[in-house]
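One structure below.
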Amino acid sequence: MYKDKIVLITGSSRGIGSETANYFLKNNAVVIGLSKGVPAIGNVNYHHFSVDLAKPEEIIKTFKNIAKHFKKIDIVINNAAVLTSQYSMIMPLKNAVDMVNVDLLAVFLVSRESVKLMRKNQYGRIINISSMAVSLEPAGDSLYAACKAGINTLANVMAKEFASFNITCNTLAITAYETDMLKQHSPEAQIKIKEIIKKLPIARMAEKDDILNVIDFFASKRSGYITAQTVYLGGVN
Amino acid sequence: MEKKKITEIVTSTVCSLVETLPAEQKFIVDQNTILFGTGSKIDSLSLVSIIVDLEGVFSSDYGIDISLTDDRAMMRKKSPFDSITALVDYIEELTLEN
């Protein structure tokens with residue numbers, strides 16, 4: 001399905017990023033994975049670039065390196081995110097800065113640098129992975145929700161800027177998904193998440209295929225007329 | 001880098017952009033071609049494309065990192081985008097510093 005397509009995925013070492021990378025590989029794409037640390041996927045079509053997405057200069061440098069190896073990028077999945085769930089008044093400054101850098105600024109930079117390669121080919125799909133937190137605005141997630149709201153808006157504005165290059169920009173806002181990031185939460189936070197899930201119209205966590213289904217839709221060649229859209233999973237709106 | 005070479009790169013980049021324009025918007029590129037503001041024959045998005053292309057070519061083909069849109073470029077009395085000549089002069093200045 002994705003033969004000859006080059007897909008760049010941030011946060012490819014674990015969770016949704018890893019699942020998405022494996023999905024595209026299984027469907028014959030070449031995958032460029034960006035994440036901190038060593039590659040977690042062993043596949044000849046997987047190319048890993050180790051980068052700390054909290055450091056903007058590293059992102060720019062990494063893309064110079066990517067451009068030396070790849071003449072195009074077709075699809076970008078801005079998946080990487082960090083989350084510290086904490087009341088604003090006691091949120092450590094470092095965690096706050098990391099969230100803004102990884103969850104918002106890195107999405108901007110990765111999209112921007114990718115478009116420089118996409119536009120030569122006059123084709124591209126940018127998909128931002130956002131969160132139900134934008135709509136539900138849970139206490140403790142002020143900055144996380146704000147950053148995720150930011151990437152929704154980022155996609156909408158970039159959709160206008162890049163439309164003439166046949167590049168679409170869309171957002172998938174997911175509900176909770178069983179990942180390492182979720183497991184890092186305190187027991188209290190995990191109870192809070194379960195309470196939120198119980199109140200969703202479809203009262204369960206997201207499953208891998210719920211996410212891949214929408215990614216497929218946005219990534220499809222047929223979706224060239226779909227841009228600046230946000231899809232929430234599980235009945236959140 | 002010689003000025004002649006910079007002129008060649010800038011002119012060829014602008015010409016490549018012009019080639020992508022619809023027939024009725026195409027124009028002849030010369031040293032006085034205005035890239036931004038009154039009298040410019042290209043829109044702002046086309047100018048962005050030229051800037052990105054030039055920064056890319058200088059970085060990837062010549063190992064010279066230049067930024068054509070930082071504060072310094074924007075604050076100049078004579079905009080680097082007034083004409084191709086002005087842009088070449090500005091890039092020459094940047095490459096000499098690099």
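Naming works like this for the structure tokens: A, B, ... for the chains as they're shown, residue 1 at the start of each chain, ligands 1 onward in shown order.
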Which residues of chain A have any atom within 8 Å of an atom in chain B when counting only C-alpha atoms, and what is the closest pair of atoms for each, with the distance in Å to one decimal? Order the rows by chain and rising number and write it as CSV.
```
residue,atom,partner,partner_atom,distance
A:Lys64,CA,B:Ser60,CA,7.8
A:Lys68,CA,B:Ser60,CA,7.8
A:Lys116,CA,B:Val52,CA,7.1
A:Glu161,CA,B:Leu45,CA,7.8
```
- Message: At a cut-off of 12 Å, using only C-alpha atoms, what residues contact Phe58 in chain B? Leave out same-chain residues fewer than 2 positions from it and give the result as a PyMOL selection string.
- Response: chain B and resi 1+5-6+9-10+13+51-56+60-68+91-92+94-95+98
- Task: Quick one: pull the distance between CA of Leu35 in chain B and CA of Leu109 in chain A, Å, one decimal.
- Result: 25.7 Å
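Distances to Phe81 in chain B were evaluated for B:Glu2, B:Glu8, B:Thr20, B:Thr69 using only C-alpha atoms, and the minimum falls at B:Thr69.
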- Which residues, written as a count of residues only, have at least one atom at most 8 Å from range 203-207 of chain A, with only C-alpha atoms counted and residues fewer than 2 positions away on the same chain left out? 15
- Message: From a backbone DSSP assignment, name each residue in chain B labelled alpha helix (DSSP H), as JSON, numbers by chain.
- Response: {"B": [3, 4, 5, 6, 7, 8, 9, 10, 11, 12, 13, 14, 15, 16, 17, 18, 19, 20, 44, 45, 46, 47, 48, 49, 50, 51, 52, 53, 54, 55, 56, 57, 58, 59, 60, 61, 62, 71, 72, 73, 74, 75, 84, 85, 86, 87, 88, 89, 90, 91, 92, 93, 94, 95, 96, 97]}
Could you write those residues out with C-alpha atoms, as a PDB file, in the first residue's frame?
```
ATOM      1  CA  LYS B   3      30.235  36.994  -6.789  1.00  0.00           C
ATOM      2  CA  LYS B   4      29.798  35.599 -10.286  1.00  0.00           C
ATOM      3  CA  LYS B   5      29.031  32.179  -8.850  1.00  0.00           C
ATOM      4  CA  ILE B   6      26.546  33.618  -6.331  1.00  0.00           C
ATOM      5  CA  THR B   7      24.822  35.525  -9.141  1.00  0.00           C
ATOM      6  CA  GLU B   8      24.615  32.323 -11.143  1.00  0.00           C
ATOM      7  CA  ILE B   9      23.051  30.416  -8.234  1.00  0.00           C
ATOM      8  CA  VAL B  10      20.527  33.145  -7.393  1.00  0.00           C
ATOM      9  CA  THR B  11      19.516  33.708 -11.010  1.00  0.00           C
ATOM     10  CA  SER B  12      19.123  30.005 -11.667  1.00  0.00           C
ATOM     11  CA  THR B  13      17.035  29.576  -8.486  1.00  0.00           C
ATOM     12  CA  VAL B  14      14.690  32.416  -9.452  1.00  0.00           C
ATOM     13  CA  CYS B  15      14.475  31.103 -13.032  1.00  0.00           C
ATOM     14  CA  SER B  16      13.534  27.637 -11.718  1.00  0.00           C
ATOM     15  CA  LEU B  17      10.735  29.215  -9.725  1.00  0.00           C
ATOM     16  CA  VAL B  18       9.518  31.201 -12.725  1.00  0.00           C
ATOM     17  CA  GLU B  19       9.372  27.979 -14.749  1.00  0.00           C
ATOM     18  CA  THR B  20       6.807  26.607 -12.308  1.00  0.00           C
ATOM     19  CA  SER B  44       5.128  35.902  -0.900  1.00  0.00           C
ATOM     20  CA  LEU B  45       4.952  32.101  -1.024  1.00  0.00           C
ATOM     21  CA  SER B  46       7.124  32.065  -4.140  1.00  0.00           C
ATOM     22  CA  LEU B  47       9.631  34.262  -2.365  1.00  0.00           C
ATOM     23  CA  VAL B  48       9.622  31.815   0.558  1.00  0.00           C
ATOM     24  CA  SER B  49      10.369  29.010  -1.912  1.00  0.00           C
ATOM     25  CA  ILE B  50      13.297  30.946  -3.374  1.00  0.00           C
ATOM     26  CA  ILE B  51      14.696  31.627   0.093  1.00  0.00           C
ATOM     27  CA  VAL B  52      14.368  27.970   1.141  1.00  0.00           C
ATOM     28  CA  ASP B  53      15.956  26.819  -2.126  1.00  0.00           C
ATOM     29  CA  LEU B  54      18.879  29.219  -1.788  1.00  0.00           C
ATOM     30  CA  GLU B  55      19.541  28.365   1.860  1.00  0.00           C
ATOM     31  CA  GLY B  56      19.367  24.680   0.890  1.00  0.00           C
ATOM     32  CA  VAL B  57      21.746  24.966  -2.080  1.00  0.00           C
ATOM     33  CA  PHE B  58      24.351  26.954  -0.168  1.00  0.00           C
ATOM     34  CA  SER B  59      24.191  24.520   2.739  1.00  0.00           C
ATOM     35  CA  SER B  60      24.074  21.200   0.899  1.00  0.00           C
ATOM     36  CA  ASP B  61      26.211  21.991  -2.172  1.00  0.00           C
ATOM     37  CA  TYR B  62      28.743  24.400  -0.707  1.00  0.00           C
ATOM     38  CA  ASP B  71      16.574  40.068  11.936  1.00  0.00           C
ATOM     39  CA  ARG B  72      19.685  41.352  10.232  1.00  0.00           C
ATOM     40  CA  ALA B  73      18.248  40.793   6.778  1.00  0.00           C
ATOM     41  CA  MET B  74      14.921  42.299   7.748  1.00  0.00           C
ATOM     42  CA  MET B  75      16.352  45.372   9.483  1.00  0.00           C
ATOM     43  CA  ILE B  84      18.587  40.132  -7.577  1.00  0.00           C
ATOM     44  CA  THR B  85      21.658  42.369  -7.369  1.00  0.00           C
ATOM     45  CA  ALA B  86      20.784  43.330  -3.778  1.00  0.00           C
ATOM     46  CA  LEU B  87      20.264  39.679  -2.862  1.00  0.00           C
ATOM     47  CA  VAL B  88      23.573  38.659  -4.410  1.00  0.00           C
ATOM     48  CA  ASP B  89      25.345  41.453  -2.498  1.00  0.00           C
ATOM     49  CA  TYR B  90      23.769  40.315   0.750  1.00  0.00           C
ATOM     50  CA  ILE B  91      24.638  36.664   0.189  1.00  0.00           C
ATOM     51  CA  GLU B  92      28.206  37.630  -0.702  1.00  0.00           C
ATOM     52  CA  GLU B  93      28.421  39.504   2.598  1.00  0.00           C
ATOM     53  CA  LEU B  94      27.164  36.424   4.466  1.00  0.00           C
ATOM     54  CA  THR B  95      29.482  34.008   2.678  1.00  0.00           C
ATOM     55  CA  LEU B  96      32.506  36.203   3.420  1.00  0.00           C
ATOM     56  CA  GLU B  97      31.631  36.037   7.113  1.00  0.00           C
TER      57      GLU B  97
END
```
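Put simply, CA of Ile75 in chain A is 7.5 Å away from CA of Lys5 in chain A.
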- Message: Which residues are near Phe63 in chain A? Cut-off 12 Å, only C-alpha atoms, ignore same chain within fewer than 5 positions. Put them as a ChimeraX atom specification.
- Response: /A:8,32-34,49-51,53,56-58,68-73,109-117 /B:56,59-60
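Atom pair CA of Thr171 in chain A / CA of Asn152 in chain A: separated by 6.0 Å.
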- Item | Neighbour list for Phe218 in chain A as a VMD selection string, cut-off 12 Å, only C-alpha atoms, skip fewer than 2 positions in-chain | chain A and resid 75 to 77 124 to 129 167 to 172 211 to 216 220 to 231
Residues of the last selection are to be written out with N, CA, C and O atoms, as a CSV table (one decimal), in the first residue's frame.
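Result written to result-v6.csv:
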```csv
chain,number,residue,atom,x,y,z
A,75,ILE,N,5.4,11.3,3.9
A,75,ILE,CA,4.4,11.3,5.0
A,75,ILE,C,5.2,11.6,6.3
A,75,ILE,O,6.3,11.0,6.5
A,76,VAL,N,4.7,12.5,7.1
A,76,VAL,CA,5.3,12.8,8.4
A,76,VAL,C,4.2,12.5,9.5
A,76,VAL,O,3.1,13.0,9.4
A,77,ILE,N,4.6,11.7,10.5
A,77,ILE,CA,3.8,11.5,11.7
A,77,ILE,C,4.4,12.2,12.8
A,77,ILE,O,5.5,11.7,13.3
A,124,GLY,N,2.7,15.7,-0.2
A,124,GLY,CA,3.0,15.4,1.3
A,124,GLY,C,1.8,15.3,2.1
A,124,GLY,O,0.7,15.8,1.8
A,125,ARG,N,2.0,14.5,3.2
A,125,ARG,CA,0.9,14.3,4.2
A,125,ARG,C,1.6,14.5,5.6
A,125,ARG,O,2.5,13.8,5.9
A,126,ILE,N,1.1,15.5,6.3
A,126,ILE,CA,1.6,15.7,7.7
A,126,ILE,C,0.5,15.4,8.6
A,126,ILE,O,-0.7,15.9,8.5
A,127,ILE,N,0.8,14.5,9.6
A,127,ILE,CA,-0.3,14.1,10.5
A,127,ILE,C,0.3,14.3,11.9
A,127,ILE,O,1.3,13.8,12.3
A,128,ASN,N,-0.4,15.2,12.7
A,128,ASN,CA,0.0,15.4,14.0
A,128,ASN,C,-0.8,14.6,15.0
A,128,ASN,O,-2.0,14.5,14.9
A,129,ILE,N,-0.1,13.9,15.9
A,129,ILE,CA,-0.9,13.1,16.9
A,129,ILE,C,-1.1,14.0,18.1
A,129,ILE,O,-0.2,14.4,18.9
A,167,ILE,N,0.4,19.5,-0.2
A,167,ILE,CA,0.7,18.9,1.1
A,167,ILE,C,-0.4,19.2,2.1
A,167,ILE,O,-0.9,20.3,2.2
A,168,THR,N,-1.0,18.1,2.6
A,168,THR,CA,-2.1,18.3,3.6
A,168,THR,C,-1.5,18.2,5.0
A,168,THR,O,-0.5,17.5,5.3
A,169,CYS,N,-2.2,18.8,5.9
A,169,CYS,CA,-1.9,18.8,7.3
A,169,CYS,C,-3.1,18.5,8.2
A,169,CYS,O,-4.1,19.3,8.1
A,170,ASN,N,-3.1,17.4,8.9
A,170,ASN,CA,-4.3,17.1,9.7
A,170,ASN,C,-3.8,16.6,11.1
A,170,ASN,O,-2.6,16.3,11.3
A,171,THR,N,-4.8,16.5,11.9
A,171,THR,CA,-4.5,16.1,13.3
A,171,THR,C,-5.4,14.9,13.8
A,171,THR,O,-6.6,14.9,13.5
A,172,LEU,N,-4.8,14.0,14.4
A,172,LEU,CA,-5.5,12.9,15.0
A,172,LEU,C,-5.4,13.0,16.5
A,172,LEU,O,-4.3,13.0,17.1
A,211,ILE,N,-6.2,3.9,15.9
A,211,ILE,CA,-5.3,4.9,15.6
A,211,ILE,C,-4.8,4.8,14.1
A,211,ILE,O,-4.8,5.7,13.3
A,212,LEU,N,-4.4,3.6,13.8
A,212,LEU,CA,-3.9,3.3,12.4
A,212,LEU,C,-5.0,3.6,11.3
A,212,LEU,O,-4.6,4.0,10.2
A,213,ASN,N,-6.2,3.3,11.7
A,213,ASN,CA,-7.3,3.6,10.7
A,213,ASN,C,-7.3,5.0,10.3
A,213,ASN,O,-7.4,5.3,9.1
A,214,VAL,N,-7.2,5.9,11.2
A,214,VAL,CA,-7.3,7.4,10.9
A,214,VAL,C,-6.0,7.8,10.2
A,214,VAL,O,-6.0,8.6,9.3
A,215,ILE,N,-4.9,7.3,10.7
A,215,ILE,CA,-3.6,7.6,10.1
A,215,ILE,C,-3.6,7.2,8.6
A,215,ILE,O,-3.2,8.0,7.7
A,216,ASP,N,-4.1,6.0,8.3
A,216,ASP,CA,-4.3,5.5,7.0
A,216,ASP,C,-5.1,6.5,6.1
A,216,ASP,O,-4.8,6.8,5.0
A,220,SER,N,-3.5,8.6,3.1
A,220,SER,CA,-3.8,8.1,1.8
A,220,SER,C,-3.7,9.1,0.7
A,220,SER,O,-3.9,10.3,0.9
A,221,LYS,N,-3.3,8.6,-0.5
A,221,LYS,CA,-3.2,9.5,-1.7
A,221,LYS,C,-4.6,10.1,-2.0
A,221,LYS,O,-4.7,11.2,-2.5
A,222,ARG,N,-5.6,9.3,-1.7
A,222,ARG,CA,-7.0,9.8,-2.0
A,222,ARG,C,-7.4,10.9,-1.2
A,222,ARG,O,-8.4,11.6,-1.4
A,223,SER,N,-6.7,11.2,0.0
A,223,SER,CA,-7.1,12.2,0.9
A,223,SER,C,-6.5,13.6,0.6
A,223,SER,O,-6.4,14.4,1.5
A,224,GLY,N,-6.2,13.8,-0.7
A,224,GLY,CA,-5.6,15.1,-1.1
A,224,GLY,C,-6.5,16.3,-0.9
A,224,GLY,O,-6.0,17.5,-0.9
A,225,TYR,N,-7.8,16.1,-0.7
A,225,TYR,CA,-8.7,17.2,-0.5
A,225,TYR,C,-9.1,17.3,1.0
A,225,TYR,O,-10.0,18.0,1.3
A,226,ILE,N,-8.4,16.6,1.8
A,226,ILE,CA,-8.7,16.6,3.3
A,226,ILE,C,-7.6,17.3,3.9
A,226,ILE,O,-6.5,16.7,4.0
A,227,THR,N,-7.8,18.5,4.4
A,227,THR,CA,-6.7,19.2,5.1
A,227,THR,C,-7.3,20.1,6.2
A,227,THR,O,-8.4,20.4,6.1
A,228,ALA,N,-6.4,20.4,7.2
A,228,ALA,CA,-6.8,21.3,8.3
A,228,ALA,C,-8.0,20.6,9.1
A,228,ALA,O,-8.9,21.4,9.6
A,229,GLN,N,-8.0,19.3,9.2
A,229,GLN,CA,-9.0,18.7,10.0
A,229,GLN,C,-8.5,18.0,11.2
A,229,GLN,O,-7.3,17.5,11.2
A,230,THR,N,-9.3,18.0,12.3
A,230,THR,CA,-8.9,17.2,13.5
A,230,THR,C,-10.0,16.1,13.7
A,230,THR,O,-11.2,16.4,13.8
A,231,VAL,N,-9.5,14.9,13.9
A,231,VAL,CA,-10.4,13.8,14.2
A,231,VAL,C,-10.1,13.4,15.6
A,231,VAL,O,-9.0,13.1,16.0
```
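If only C-alpha atoms are the atoms counted, then among A:Ala21, A:Ala133, A:Tyr2, A:Lys208 the closest residue to Pro39 in chain A is A:Ala21.
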- Task: Can you pull out every residue within 10 Å of Val44 in chain A, counting only C-alpha atoms, but drop anything in the same chain fewer than 3 positions away, and send it as a ChimeraX atom specification?
- Result: /A:25,30-31,41,47
